[in-house]
file start_26.cif (mmCIF, C-alpha atoms)
data_final
loop_
_atom_site.group_PDB
_atom_site.id
_atom_site.type_symbol
_atom_site.label_atom_id
_atom_site.label_comp_id
_atom_site.auth_asym_id
_atom_site.auth_seq_id
_atom_site.Cartn_x
_atom_site.Cartn_y
_atom_site.Cartn_z
ATOM 1 C CA MET A 1 14.576 2.804 119.813
ATOM 2 C CA LYS A 2 16.670 2.336 122.921
ATOM 3 C CA SER A 3 13.462 1.587 124.818
ATOM 4 C CA ILE A 4 13.061 -0.028 128.206
ATOM 5 C CA PHE A 5 10.265 -2.617 128.173
ATOM 6 C CA PRO A 6 8.465 -4.748 129.484
ATOM 7 C CA LEU A 7 13.987 -14.209 141.063
ATOM 8 C CA PHE A 8 15.910 -16.162 141.838
ATOM 9 C CA ALA A 9 18.956 -14.990 143.875
ATOM 10 C CA SER A 10 19.110 -11.292 143.230
ATOM 11 C CA VAL A 11 22.801 -11.140 142.397
ATOM 12 C CA ALA A 12 23.790 -9.947 138.951
ATOM 13 C CA VAL A 13 25.293 -12.905 137.148
ATOM 14 C CA LEU A 14 27.642 -12.885 134.149
ATOM 15 C CA PHE A 15 27.021 -15.678 131.674
ATOM 16 C CA SER A 16 29.023 -16.681 128.644
ATOM 17 C CA LEU A 17 26.365 -17.298 126.038
ATOM 18 C CA THR A 18 26.367 -20.396 123.865
ATOM 19 C CA ARG A 19 25.104 -20.099 120.318
ATOM 20 C CA ASP A 20 21.944 -21.857 119.240
ATOM 21 C CA ALA A 21 22.517 -25.247 117.638
ATOM 22 C CA ASP A 22 21.956 -23.953 114.083
ATOM 23 C CA ALA A 23 24.613 -21.280 114.465
ATOM 24 C CA ARG A 24 27.096 -23.255 116.546
ATOM 25 C CA ALA A 25 28.275 -25.312 113.598
ATOM 26 C CA ASN A 26 29.422 -22.156 111.823
ATOM 27 C CA SER A 27 31.058 -20.505 114.832
ATOM 28 C CA ASN A 28 34.625 -20.780 115.997
ATOM 29 C CA GLY A 29 35.661 -21.849 119.481
ATOM 30 C CA GLY A 30 36.330 -18.286 120.591
ATOM 31 C CA ASP A 31 32.857 -17.012 119.771
ATOM 32 C CA ARG A 32 31.625 -16.168 123.291
ATOM 33 C CA HIS A 33 29.202 -13.463 124.350
ATOM 34 C CA SER A 34 28.558 -11.740 127.668
ATOM 35 C CA TYR A 35 25.174 -11.458 129.294
ATOM 36 C CA PHE A 36 24.045 -10.025 132.628
ATOM 37 C CA VAL A 37 20.862 -10.612 134.598
ATOM 38 C CA ASP A 38 19.383 -9.290 137.828
ATOM 39 C CA VAL A 39 16.166 -10.976 138.976
ATOM 40 C CA LEU A 40 14.110 -9.516 141.834
ATOM 41 C CA THR A 41 10.914 -10.691 143.549
ATOM 42 C CA TYR A 42 8.247 -8.726 145.429
ATOM 43 C CA ASN A 43 4.797 -9.242 146.899
ATOM 44 C CA ARG A 44 1.815 -7.559 145.204
ATOM 45 C CA ALA A 45 -1.619 -7.817 146.857
ATOM 46 C CA GLU A 46 -3.461 -7.172 143.589
ATOM 47 C CA HIS A 47 -2.229 -10.545 142.285
ATOM 48 C CA PRO A 48 -3.011 -13.035 145.095
ATOM 49 C CA GLY A 49 -1.116 -16.300 144.898
ATOM 50 C CA LYS A 50 1.433 -14.818 142.486
ATOM 51 C CA THR A 51 4.856 -13.309 143.027
ATOM 52 C CA PHE A 52 5.932 -10.212 141.116
ATOM 53 C CA VAL A 53 9.193 -11.037 139.327
ATOM 54 C CA GLU A 54 11.246 -8.216 137.846
ATOM 55 C CA VAL A 55 13.929 -9.388 135.417
ATOM 56 C CA PHE A 56 16.617 -6.973 134.260
ATOM 57 C CA VAL A 57 18.781 -8.125 131.375
ATOM 58 C CA GLY A 58 21.922 -6.415 130.137
ATOM 59 C CA PHE A 59 24.285 -7.084 127.256
ATOM 60 C CA PRO A 60 27.047 -5.088 125.500
ATOM 61 C CA LEU A 61 25.741 -3.586 122.290
ATOM 62 C CA GLN A 62 29.092 -4.227 120.602
ATOM 63 C CA GLN A 63 28.015 -7.872 120.375
ATOM 64 C CA LEU A 64 25.471 -6.911 117.719
ATOM 65 C CA LYS A 65 26.198 -6.440 114.022
ATOM 66 C CA PHE A 66 25.802 -2.761 113.062
ATOM 67 C CA ALA A 67 24.936 -2.337 109.393
ATOM 68 C CA ARG A 68 25.388 0.904 107.488
ATOM 69 C CA SER A 69 22.052 2.719 107.137
ATOM 70 C CA ALA A 70 21.939 6.134 105.451
ATOM 71 C CA SER A 71 24.175 8.350 107.629
ATOM 72 C CA THR A 72 24.275 6.008 110.650
ATOM 73 C CA TYR A 73 24.994 2.447 111.681
ATOM 74 C CA ARG A 74 21.989 0.405 112.791
ATOM 75 C CA ALA A 75 21.706 -2.805 114.833
ATOM 76 C CA ARG A 76 18.444 -4.723 115.215
ATOM 77 C CA TYR A 77 17.764 -7.366 117.823
ATOM 78 C CA GLN A 78 15.099 -9.405 119.575
ATOM 79 C CA LEU A 79 15.303 -10.439 123.228
ATOM 80 C CA ALA A 80 12.958 -13.046 124.711
ATOM 81 C CA VAL A 81 12.700 -14.113 128.369
ATOM 82 C CA SER A 82 10.638 -17.094 129.493
ATOM 83 C CA PHE A 83 9.876 -19.171 132.583
ATOM 84 C CA GLN A 84 9.439 -22.954 132.366
ATOM 85 C CA ASN A 85 8.140 -25.057 135.256
ATOM 86 C CA GLU A 86 9.665 -28.302 136.507
ATOM 87 C CA LYS A 87 7.744 -30.192 133.793
ATOM 88 C CA ARG A 88 9.468 -27.945 131.208
ATOM 89 C CA GLU A 89 6.105 -26.360 130.368
ATOM 90 C CA MET A 90 6.157 -22.707 129.309
ATOM 91 C CA VAL A 91 4.551 -20.640 132.068
ATOM 92 C CA GLN A 92 5.328 -17.038 131.108
ATOM 93 C CA THR A 93 7.158 -15.414 128.234
ATOM 94 C CA ALA A 94 7.881 -11.871 127.074
ATOM 95 C CA MET A 95 9.630 -10.521 124.001
ATOM 96 C CA PHE A 96 11.187 -7.195 123.046
ATOM 97 C CA VAL A 97 12.280 -6.023 119.587
ATOM 98 C CA ASP A 98 14.380 -2.904 119.132
ATOM 99 C CA SER A 99 16.887 -1.148 116.876
ATOM 100 C CA ILE A 100 19.879 0.963 117.866
ATOM 101 C CA ASP A 101 21.412 3.749 115.775
ATOM 102 C CA ALA A 102 24.996 4.903 116.220
ATOM 103 C CA GLU A 103 26.891 7.612 114.351
ATOM 104 C CA ALA A 104 30.211 5.886 115.056
ATOM 105 C CA LEU A 105 31.369 2.479 116.206
ATOM 106 C CA GLY A 106 34.655 1.488 117.814
ATOM 107 C CA SER A 107 35.003 2.818 121.359
ATOM 108 C CA ASN A 108 31.656 4.631 121.352
ATOM 109 C CA PRO A 109 30.694 4.645 125.097
ATOM 110 C CA SER A 110 26.973 4.728 124.287
ATOM 111 C CA LEU A 111 27.318 1.160 122.994
ATOM 112 C CA ASN A 112 28.662 -0.258 126.248
ATOM 113 C CA LEU A 113 25.553 -1.828 127.770
ATOM 114 C CA GLN A 114 21.875 -2.164 126.943
ATOM 115 C CA GLN A 115 19.598 -2.811 129.963
ATOM 116 C CA LEU A 116 16.021 -4.055 129.557
ATOM 117 C CA ARG A 117 13.268 -4.842 132.032
ATOM 118 C CA PHE A 118 10.768 -7.725 131.865
ATOM 119 C CA PRO A 119 7.950 -7.945 134.477
ATOM 120 C CA PHE A 120 6.178 -11.194 135.316
ATOM 121 C CA TYR A 121 3.599 -12.493 137.792
ATOM 122 C CA VAL A 122 4.502 -16.098 138.543
ATOM 123 C CA SER A 123 3.341 -18.670 141.075
ATOM 124 C CA PRO A 124 5.994 -19.450 143.711
ATOM 125 C CA GLY A 125 8.187 -22.420 142.874
ATOM 126 C CA ASN A 126 11.190 -23.629 140.937
ATOM 127 C CA TYR A 127 11.637 -22.688 137.292
ATOM 128 C CA ALA A 128 14.112 -22.650 134.449
ATOM 129 C CA MET A 129 14.468 -19.077 133.228
ATOM 130 C CA GLU A 130 15.708 -18.745 129.666
ATOM 131 C CA CYS A 131 16.868 -15.672 127.762
ATOM 132 C CA LYS A 132 17.432 -15.639 124.026
ATOM 133 C CA LEU A 133 19.054 -12.771 122.145
ATOM 134 C CA THR A 134 18.719 -12.751 118.348
ATOM 135 C CA ASP A 135 20.733 -10.415 116.133
ATOM 136 C CA LEU A 136 18.205 -9.542 113.420
ATOM 137 C CA ASN A 137 20.913 -8.309 111.051
ATOM 138 C CA THR A 138 22.666 -11.687 110.994
ATOM 139 C CA ALA A 139 19.971 -14.092 112.318
ATOM 140 C CA SER A 140 22.511 -15.311 114.873
ATOM 141 C CA GLY A 141 21.021 -16.373 118.214
ATOM 142 C CA TYR A 142 22.513 -16.631 121.683
ATOM 143 C CA HIS A 143 20.825 -18.034 124.768
ATOM 144 C CA PHE A 144 21.305 -19.109 128.359
ATOM 145 C CA SER A 145 19.063 -20.737 130.954
ATOM 146 C CA VAL A 146 19.381 -20.851 134.749
ATOM 147 C CA ASN A 147 17.435 -22.448 137.569
ATOM 148 C CA ALA A 148 15.179 -19.917 139.274
ATOM 149 C CA THR A 149 13.392 -20.142 142.609
ATOM 150 C CA VAL A 150 10.500 -17.683 142.866
ATOM 151 C CA ALA A 151 9.872 -16.705 146.492
ATOM 152 C CA ASP A 152 6.538 -17.285 148.241
ATOM 153 C CA TYR A 153 5.385 -14.179 150.122
ATOM 154 C CA ASN A 154 2.015 -15.701 151.091
ATOM 155 C CA ILE A 155 3.225 -16.368 154.630
ATOM 156 C CA SER A 156 2.569 -14.784 158.030
ATOM 157 C CA ALA A 157 6.184 -14.340 159.135
ATOM 158 C CA LEU A 158 8.176 -11.136 158.735
ATOM 159 C CA VAL A 159 9.868 -11.277 155.324
ATOM 160 C CA ILE A 160 11.990 -8.976 153.131
ATOM 161 C CA SER A 161 11.833 -8.748 149.339
ATOM 162 C CA ASP A 162 14.947 -9.013 147.228
ATOM 163 C CA LEU A 163 17.317 -6.048 147.448
ATOM 164 C CA GLN A 164 17.734 -3.847 144.383
ATOM 165 C CA LEU A 165 21.019 -1.921 144.194
ATOM 166 C CA SER A 166 21.292 1.224 142.121
ATOM 167 C CA HIS A 167 23.578 4.057 141.031
ATOM 168 C CA ALA A 168 20.745 6.542 141.520
ATOM 169 C CA MET A 169 17.317 6.611 143.122
ATOM 170 C CA SER A 170 14.821 9.425 143.613
ATOM 171 C CA ARG A 171 11.205 10.123 144.551
ATOM 172 C CA SER A 172 8.975 10.179 141.512
ATOM 173 C CA GLN A 173 5.303 10.408 140.542
ATOM 174 C CA GLU A 174 5.932 9.532 136.893
ATOM 175 C CA ASN A 175 4.286 6.609 135.167
ATOM 176 C CA SER A 176 7.415 4.609 134.389
ATOM 177 C CA SER A 177 8.355 0.940 134.508
ATOM 178 C CA LEU A 178 11.316 1.972 136.680
ATOM 179 C CA VAL A 179 9.086 3.488 139.404
ATOM 180 C CA LYS A 180 8.014 1.365 142.371
ATOM 181 C CA ASN A 181 5.953 2.876 145.208
ATOM 182 C CA ASN A 182 6.866 6.407 144.065
ATOM 183 C CA TRP A 183 10.593 5.594 143.920
ATOM 184 C CA ARG A 184 12.451 5.655 140.613
ATOM 185 C CA VAL A 185 15.239 3.098 140.838
ATOM 186 C CA GLU A 186 17.796 3.149 138.027
ATOM 187 C CA PRO A 187 18.810 -0.443 137.201
ATOM 188 C CA ASN A 188 22.373 -1.579 137.767
ATOM 189 C CA VAL A 189 22.337 -5.072 136.334
ATOM 190 C CA LEU A 190 26.124 -5.365 136.703
ATOM 191 C CA ARG A 191 25.951 -4.652 140.452
ATOM 192 C CA THR A 192 29.298 -2.914 140.022
ATOM 193 C CA PHE A 193 30.027 0.567 141.375
ATOM 194 C CA ALA A 194 32.887 2.955 140.628
ATOM 195 C CA ALA A 195 34.467 5.882 142.463
ATOM 196 C CA GLU A 196 32.237 8.434 140.775
ATOM 197 C CA ASP A 197 29.121 6.704 142.141
ATOM 198 C CA ARG A 198 30.005 7.821 145.683
ATOM 199 C CA HIS A 199 26.875 6.134 147.096
ATOM 200 C CA LEU A 200 25.151 2.776 146.927
ATOM 201 C CA HIS A 201 21.364 3.181 146.694
ATOM 202 C CA ILE A 202 19.145 0.412 148.043
ATOM 203 C CA TYR A 203 15.479 -0.369 147.476
ATOM 204 C CA ALA A 204 13.625 -3.133 149.356
ATOM 205 C CA GLU A 205 10.200 -3.938 150.781
ATOM 206 C CA ILE A 206 9.262 -5.481 154.128
ATOM 207 C CA TYR A 207 6.048 -7.465 154.624
ATOM 208 C CA ASN A 208 3.969 -8.692 157.602
ATOM 209 C CA LEU A 209 4.891 -5.984 160.069
ATOM 210 C CA ASP A 210 2.733 -6.035 163.204
ATOM 211 C CA PHE A 211 0.503 -3.038 162.499
ATOM 212 C CA ARG A 212 -2.724 -2.110 164.310
ATOM 213 C CA ARG A 213 -4.845 0.953 163.753
ATOM 214 C CA ASP A 214 -6.191 0.939 167.340
ATOM 215 C CA ARG A 215 -2.798 1.626 168.943
ATOM 216 C CA VAL A 216 0.432 3.590 168.578
ATOM 217 C CA ASN A 217 2.793 1.464 166.504
ATOM 218 C CA ARG A 218 6.455 1.658 167.468
ATOM 219 C CA GLY A 219 7.913 1.266 163.994
ATOM 220 C CA PHE A 220 10.829 -0.934 162.939
ATOM 221 C CA ILE A 221 14.626 -0.754 162.790
ATOM 222 C CA ALA A 222 16.412 -1.308 159.484
ATOM 223 C CA ALA A 223 20.145 -1.978 159.908
ATOM 224 C CA PHE A 224 22.583 -2.131 156.995
ATOM 225 C CA PHE A 225 25.983 -3.842 156.975
ATOM 226 C CA ILE A 226 28.631 -3.920 154.253
ATOM 227 C CA ARG A 227 30.988 -6.884 154.698
ATOM 228 C CA ASP A 228 34.228 -7.428 152.788
ATOM 229 C CA GLU A 229 35.620 -10.699 151.439
ATOM 230 C CA THR A 230 37.337 -11.472 154.759
ATOM 231 C CA GLY A 231 34.032 -11.281 156.653
ATOM 232 C CA ARG A 232 34.848 -7.923 158.266
ATOM 233 C CA ASP A 233 32.131 -5.269 158.500
ATOM 234 C CA VAL A 234 33.536 -2.156 156.810
ATOM 235 C CA PHE A 235 30.379 -0.081 157.215
ATOM 236 C CA SER A 236 27.177 -0.243 159.236
ATOM 237 C CA THR A 237 24.264 2.032 159.990
ATOM 238 C CA GLU A 238 20.675 1.763 161.166
ATOM 239 C CA GLN A 239 17.503 3.783 160.891
ATOM 240 C CA ILE A 240 14.132 3.747 162.658
ATOM 241 C CA ASN A 241 11.202 3.686 160.239
ATOM 242 C CA GLN A 242 7.542 4.330 160.925
ATOM 243 C CA LYS A 243 4.999 1.717 159.877
ATOM 244 C CA PRO A 244 2.598 2.959 157.184
ATOM 245 C CA GLY A 245 0.820 -0.402 157.421
ATOM 246 C CA PRO A 246 1.733 -4.110 157.490
ATOM 247 C CA ALA A 247 4.103 -3.495 154.557
ATOM 248 C CA SER A 248 6.674 -0.771 154.002
ATOM 249 C CA VAL A 249 9.322 0.372 151.546
ATOM 250 C CA ILE A 250 12.910 0.490 152.824
ATOM 251 C CA THR A 251 15.412 2.770 151.101
ATOM 252 C CA ALA A 252 18.945 3.803 151.959
ATOM 253 C CA ARG A 253 21.957 5.612 150.533
ATOM 254 C CA LEU A 254 25.270 4.220 151.798
ATOM 255 C CA PRO A 255 28.697 5.856 151.198
ATOM 256 C CA ILE A 256 31.070 3.671 149.163
ATOM 257 C CA ARG A 257 33.679 6.131 147.854
ATOM 258 C CA ASP A 258 36.394 4.934 150.275
ATOM 259 C CA LEU A 259 35.845 1.217 149.746
ATOM 260 C CA GLU A 260 38.660 -0.687 148.070
ATOM 261 C CA SER A 261 38.055 -2.571 144.859
ATOM 262 C CA GLY A 262 36.606 -6.035 145.402
ATOM 263 C CA GLN A 263 33.440 -7.955 146.149
ATOM 264 C CA TYR A 264 31.232 -7.075 149.108
ATOM 265 C CA LYS A 265 28.183 -8.491 150.837
ATOM 266 C CA LEU A 266 25.300 -6.209 151.755
ATOM 267 C CA ILE A 267 23.095 -7.306 154.643
ATOM 268 C CA LEU A 268 19.761 -5.746 155.583
ATOM 269 C CA SER A 269 18.468 -6.689 159.039
ATOM 270 C CA VAL A 270 14.970 -5.628 160.122
ATOM 271 C CA ARG A 271 13.517 -5.764 163.662
ATOM 272 C CA ASP A 272 9.848 -5.071 164.384
ATOM 273 C CA LEU A 273 9.814 -2.957 167.566
ATOM 274 C CA ASP A 274 6.305 -4.109 168.504
ATOM 275 C CA THR A 275 7.018 -7.849 168.432
ATOM 276 C CA GLY A 276 10.816 -8.140 168.475
ATOM 277 C CA ALA A 277 10.667 -10.296 165.325
ATOM 278 C CA ARG A 278 13.807 -10.129 163.181
ATOM 279 C CA VAL A 279 14.618 -11.024 159.595
ATOM 280 C CA GLU A 280 17.640 -10.601 157.310
ATOM 281 C CA LYS A 281 18.257 -10.432 153.573
ATOM 282 C CA SER A 282 21.585 -10.168 151.781
ATOM 283 C CA THR A 283 23.098 -9.765 148.337
ATOM 284 C CA HIS A 284 26.494 -9.051 146.790
ATOM 285 C CA PHE A 285 28.030 -6.228 144.787
ATOM 286 C CA CYS A 286 31.418 -5.203 143.407
ATOM 287 C CA ILE A 287 33.495 -2.051 143.768
ATOM 288 C CA SER A 288 35.860 -0.878 141.042
ATOM 289 C CA ASN A 289 37.574 2.047 142.698
ATOM 290 C CA PRO A 290 41.168 2.835 141.626
ATOM 291 C CA LEU A 291 41.169 5.914 143.878
ATOM 292 C CA ALA A 292 40.999 3.722 146.981
ATOM 293 C CA LEU A 293 43.900 1.443 145.992
#
call {"tool": "encode", "arguments": {"input": "start_26.cif", "output": "structure tokens"}}
result
Amino acid sequence: MKSIFPLFASVAVLFSLTRDADARANSNGGDRHSYFVDVLTYNRAEHPGKTFVEVFVGFPLQQLKFARSASTYRARYQLAVSFQNEKREMVQTAMFVDSIDAEALGSNPSLNLQQLRFPFYVSPGNYAMECKLTDLNTASGYHFSVNATVADYNISALVISDLQLSHAMSRSQENSSLVKNNWRVEPNVLRTFAAEDRHLHIYAEIYNLDFRRDRVNRGFIAAFFIRDETGRDVFSTEQINQKPGPASVITARLPIRDLESGQYKLILSVRDLDTGARVEKSTHFCISNPLAL
């Protein structure tokens, strides 16, 4: 129970779910449900021709029906995520079934958000990605679908993966679905940060660096910019990284405690010091910080 299982633009998106056709006839007009998704793509050499797609899905647990069970309340649900190609053919699908126990309902903070992870290896291209949440206590179903473009990393040019933003990140040797390249990255599907977070943690990967074993490689510069809604840079920093090979992990911890509430754009700019080649990647996040108002 409470297990984590097994892109298009890697910005967390809030969707209002529509009920499945069978349930819609019995629902009222105000029956709307919230759903969050963060979809990230990476290159993995062990799967040539495929792109690694990491889908994080989040939804408030209060949307589920909790039934009395012995001394607790229990909700049961099924969540399915699938990719369909442009011919509407099913390409990949994954399903997760779980139950949640709670001693109390109401304002119980442990019921705020459930976050799940679904990994896929998909050929580059355009897809419809569909998520379907079924409340197993009521048989009610909710779904949404969005257009998804899966990036192609089988190119020779310098390219950056999607950027994953996190509340917390640390080095780890554990065998966990949240660990990538010995970094444990806690998912933040909402892409929203509060005053107590203090820092914004970033995980990304860079591919096709100019690396040669018969010379001294000069490394690469990773520059980070946080831009507010007016287009003004409110924070910037850069770091020089060594090249472990033609690909490298990029991590950073940026201070956000003094940022005012609002939406921000994060930009990562990379320059290969051996060739001068440059590339950028960006995403968005939100700050909810009453202390900075």
call {"tool": "closest_residue", "arguments": {"input": "start_26.cif", "among": "A:Pro187, A:Gly219, A:Pro124, A:Pro244", "to": "Asn43 (chain A)", "atoms": "only C-alpha atoms"}}
result
A:Pro124
call {"tool": "atom_distance", "arguments": {"input": "start_26.cif", "atom1": "CA of Ala223 (chain A)", "atom2": "CA of Thr149 (chain A)"}}
result
26.0 Å
call {"tool": "residues_near_point", "arguments": {"input": "start_26.cif", "point": "(19.5, 8.9, 139.9)", "cutoff": "12 Å", "atoms": "all atoms listed in the file", "output": "list in words"}}
result
Leu165, Ser166, His167, Ala168, Met169, Ser170, Arg171, Ser172, Leu178, Val179, Trp183, Arg184, Val185, Glu186, Pro187, Asn188, Asp197, His199, Leu200, His201, Ile202 and Arg253 of chain A
call {"tool": "resolve_selection", "arguments": {"input": "start_26.cif", "expression": "the PyMOL selection byres ((chain A and resi 69-84) around 6)", "output": "PDB file with C-alpha atoms, in the coordinates of the input"}}
result
ATOM      1  CA  LYS A  65      26.198  -6.440 114.022  1.00  0.00           C
ATOM      2  CA  PHE A  66      25.802  -2.761 113.062  1.00  0.00           C
ATOM      3  CA  ALA A  67      24.936  -2.337 109.393  1.00  0.00           C
ATOM      4  CA  ARG A  68      25.388   0.904 107.488  1.00  0.00           C
ATOM      5  CA  ASN A  85       8.140 -25.057 135.256  1.00  0.00           C
ATOM      6  CA  ARG A  88       9.468 -27.945 131.208  1.00  0.00           C
ATOM      7  CA  GLU A  89       6.105 -26.360 130.368  1.00  0.00           C
ATOM      8  CA  MET A  90       6.157 -22.707 129.309  1.00  0.00           C
ATOM      9  CA  VAL A  91       4.551 -20.640 132.068  1.00  0.00           C
ATOM     10  CA  GLN A  92       5.328 -17.038 131.108  1.00  0.00           C
ATOM     11  CA  THR A  93       7.158 -15.414 128.234  1.00  0.00           C
ATOM     12  CA  ALA A  94       7.881 -11.871 127.074  1.00  0.00           C
ATOM     13  CA  MET A  95       9.630 -10.521 124.001  1.00  0.00           C
ATOM     14  CA  PHE A  96      11.187  -7.195 123.046  1.00  0.00           C
ATOM     15  CA  VAL A  97      12.280  -6.023 119.587  1.00  0.00           C
ATOM     16  CA  ASP A  98      14.380  -2.904 119.132  1.00  0.00           C
ATOM     17  CA  SER A  99      16.887  -1.148 116.876  1.00  0.00           C
ATOM     18  CA  ILE A 100      19.879   0.963 117.866  1.00  0.00           C
ATOM     19  CA  ASP A 101      21.412   3.749 115.775  1.00  0.00           C
ATOM     20  CA  ALA A 102      24.996   4.903 116.220  1.00  0.00           C
ATOM     21  CA  GLU A 103      26.891   7.612 114.351  1.00  0.00           C
ATOM     22  CA  TYR A 127      11.637 -22.688 137.292  1.00  0.00           C
ATOM     23  CA  ALA A 128      14.112 -22.650 134.449  1.00  0.00           C
ATOM     24  CA  MET A 129      14.468 -19.077 133.228  1.00  0.00           C
ATOM     25  CA  GLU A 130      15.708 -18.745 129.666  1.00  0.00           C
ATOM     26  CA  CYS A 131      16.868 -15.672 127.762  1.00  0.00           C
ATOM     27  CA  LYS A 132      17.432 -15.639 124.026  1.00  0.00           C
ATOM     28  CA  LEU A 133      19.054 -12.771 122.145  1.00  0.00           C
ATOM     29  CA  THR A 134      18.719 -12.751 118.348  1.00  0.00           C
ATOM     30  CA  ASP A 135      20.733 -10.415 116.133  1.00  0.00           C
ATOM     31  CA  LEU A 136      18.205  -9.542 113.420  1.00  0.00           C
TER      32      LEU A 136
END
call {"tool": "resolve_selection", "arguments": {"input": "start_26.cif", "expression": "the PyMOL selection byres ((chain A and resi 271) around 10)", "output": "list in words"}}
result
Leu158, Leu209, Gly219, Phe220, Ile221, Ala222, Ala223, Ile240, Ser269, Val270, Asp272, Leu273, Asp274, Thr275, Gly276, Ala277, Arg278, Val279 and Glu280 of chain A
call {"tool": "residues_around", "arguments": {"input": "start_26.cif", "residues": "Tyr203 (chain A)", "least_positions_apart": "4", "cutoff": "8 Å", "atoms": "all atoms listed in the file", "output": "list in words"}}
result
Leu163, Gln164, Leu165, Val185, Val249, Ile250, Thr251 and Ala252 of chain A
call {"tool": "closest_residue", "arguments": {"input": "start_26.cif", "among": "A:Ser236, A:Leu190, A:Ser140, A:Ile155", "to": "Gly58 (chain A)", "atoms": "all atoms listed in the file"}}
result
A:Leu190
call {"tool": "closest_residue", "arguments": {"input": "start_26.cif", "among": "A:Ser288, A:Gln63, A:Gln239, A:Asn147", "to": "Asn112 (chain A)", "atoms": "only C-alpha atoms"}}
result
A:Gln63
call {"tool": "atom_distance", "arguments": {"input": "start_26.cif", "atom1": "CA of Glu46 (chain A)", "atom2": "CA of Leu268 (chain A)"}}
result
26.2 Å
call {"tool": "resolve_selection", "arguments": {"input": "start_26.cif", "expression": "the PyMOL selection byres ((chain A and resi 52-56) around 9)", "output": "VMD selection string"}}
result
chain A and resid 7 to 8 36 to 44 47 50 to 51 57 to 58 81 115 to 123 150 187 to 189
call {"tool": "write_last_selection", "arguments": {"input": "start_26.cif", "atoms": "C-alpha atoms", "output": "PDB file, keeping the file's coordinate frame"}}
result
ATOM      1  CA  LEU A   7      13.987 -14.209 141.063  1.00  0.00           C
ATOM      2  CA  PHE A   8      15.910 -16.162 141.838  1.00  0.00           C
ATOM      3  CA  PHE A  36      24.045 -10.025 132.628  1.00  0.00           C
ATOM      4  CA  VAL A  37      20.862 -10.612 134.598  1.00  0.00           C
ATOM      5  CA  ASP A  38      19.383  -9.290 137.828  1.00  0.00           C
ATOM      6  CA  VAL A  39      16.166 -10.976 138.976  1.00  0.00           C
ATOM      7  CA  LEU A  40      14.110  -9.516 141.834  1.00  0.00           C
ATOM      8  CA  THR A  41      10.914 -10.691 143.549  1.00  0.00           C
ATOM      9  CA  TYR A  42       8.247  -8.726 145.429  1.00  0.00           C
ATOM     10  CA  ASN A  43       4.797  -9.242 146.899  1.00  0.00           C
ATOM     11  CA  ARG A  44       1.815  -7.559 145.204  1.00  0.00           C
ATOM     12  CA  HIS A  47      -2.229 -10.545 142.285  1.00  0.00           C
ATOM     13  CA  LYS A  50       1.433 -14.818 142.486  1.00  0.00           C
ATOM     14  CA  THR A  51       4.856 -13.309 143.027  1.00  0.00           C
ATOM     15  CA  VAL A  57      18.781  -8.125 131.375  1.00  0.00           C
ATOM     16  CA  GLY A  58      21.922  -6.415 130.137  1.00  0.00           C
ATOM     17  CA  VAL A  81      12.700 -14.113 128.369  1.00  0.00           C
ATOM     18  CA  GLN A 115      19.598  -2.811 129.963  1.00  0.00           C
ATOM     19  CA  LEU A 116      16.021  -4.055 129.557  1.00  0.00           C
ATOM     20  CA  ARG A 117      13.268  -4.842 132.032  1.00  0.00           C
ATOM     21  CA  PHE A 118      10.768  -7.725 131.865  1.00  0.00           C
ATOM     22  CA  PRO A 119       7.950  -7.945 134.477  1.00  0.00           C
ATOM     23  CA  PHE A 120       6.178 -11.194 135.316  1.00  0.00           C
ATOM     24  CA  TYR A 121       3.599 -12.493 137.792  1.00  0.00           C
ATOM     25  CA  VAL A 122       4.502 -16.098 138.543  1.00  0.00           C
ATOM     26  CA  SER A 123       3.341 -18.670 141.075  1.00  0.00           C
ATOM     27  CA  VAL A 150      10.500 -17.683 142.866  1.00  0.00           C
ATOM     28  CA  PRO A 187      18.810  -0.443 137.201  1.00  0.00           C
ATOM     29  CA  ASN A 188      22.373  -1.579 137.767  1.00  0.00           C
ATOM     30  CA  VAL A 189      22.337  -5.072 136.334  1.00  0.00           C
TER      31      VAL A 189
END
call {"tool": "atom_distance", "arguments": {"input": "start_26.cif", "atom1": "CA of Asn175 (chain A)", "atom2": "CA of Leu61 (chain A)"}}
result
27.0 Å
call {"tool": "closest_residue", "arguments": {"input": "start_26.cif", "among": "A:Ala204, A:Ala194, A:Val146, A:Ile267", "to": "Ser248 (chain A)", "atoms": "only C-alpha atoms"}}
result
A:Ala204
call {"tool": "residues_around", "arguments": {"input": "start_26.cif", "residues": "Gln263 (chain A)", "least_positions_apart": "2", "cutoff": "7 Å", "atoms": "only C-alpha atoms", "output": "PyMOL selection string"}}
result
chain A and resi 228-229+285-287
call {"tool": "closest_residue", "arguments": {"input": "start_26.cif", "among": "A:Glu238, A:Arg213, A:Lys281, A:Arg198", "to": "Pro255 (chain A)", "atoms": "only C-alpha atoms"}}
result
A:Arg198
call {"tool": "closest_residue", "arguments": {"input": "start_26.cif", "among": "A:Leu64, A:Phe59, A:Ile256, A:Tyr264", "to": "Ala139 (chain A)", "atoms": "only C-alpha atoms"}}
result
A:Leu64
call {"tool": "axis_aligned_box", "arguments": {"input": "start_26.cif", "around": "region 279-288 of chain A", "padding_each_side": "5 Å", "output": "JSON"}}
result
{"center_x": 25.2, "center_y": -6.0, "center_z": 150.3, "size_x": 31.2, "size_y": 20.1, "size_z": 28.6}
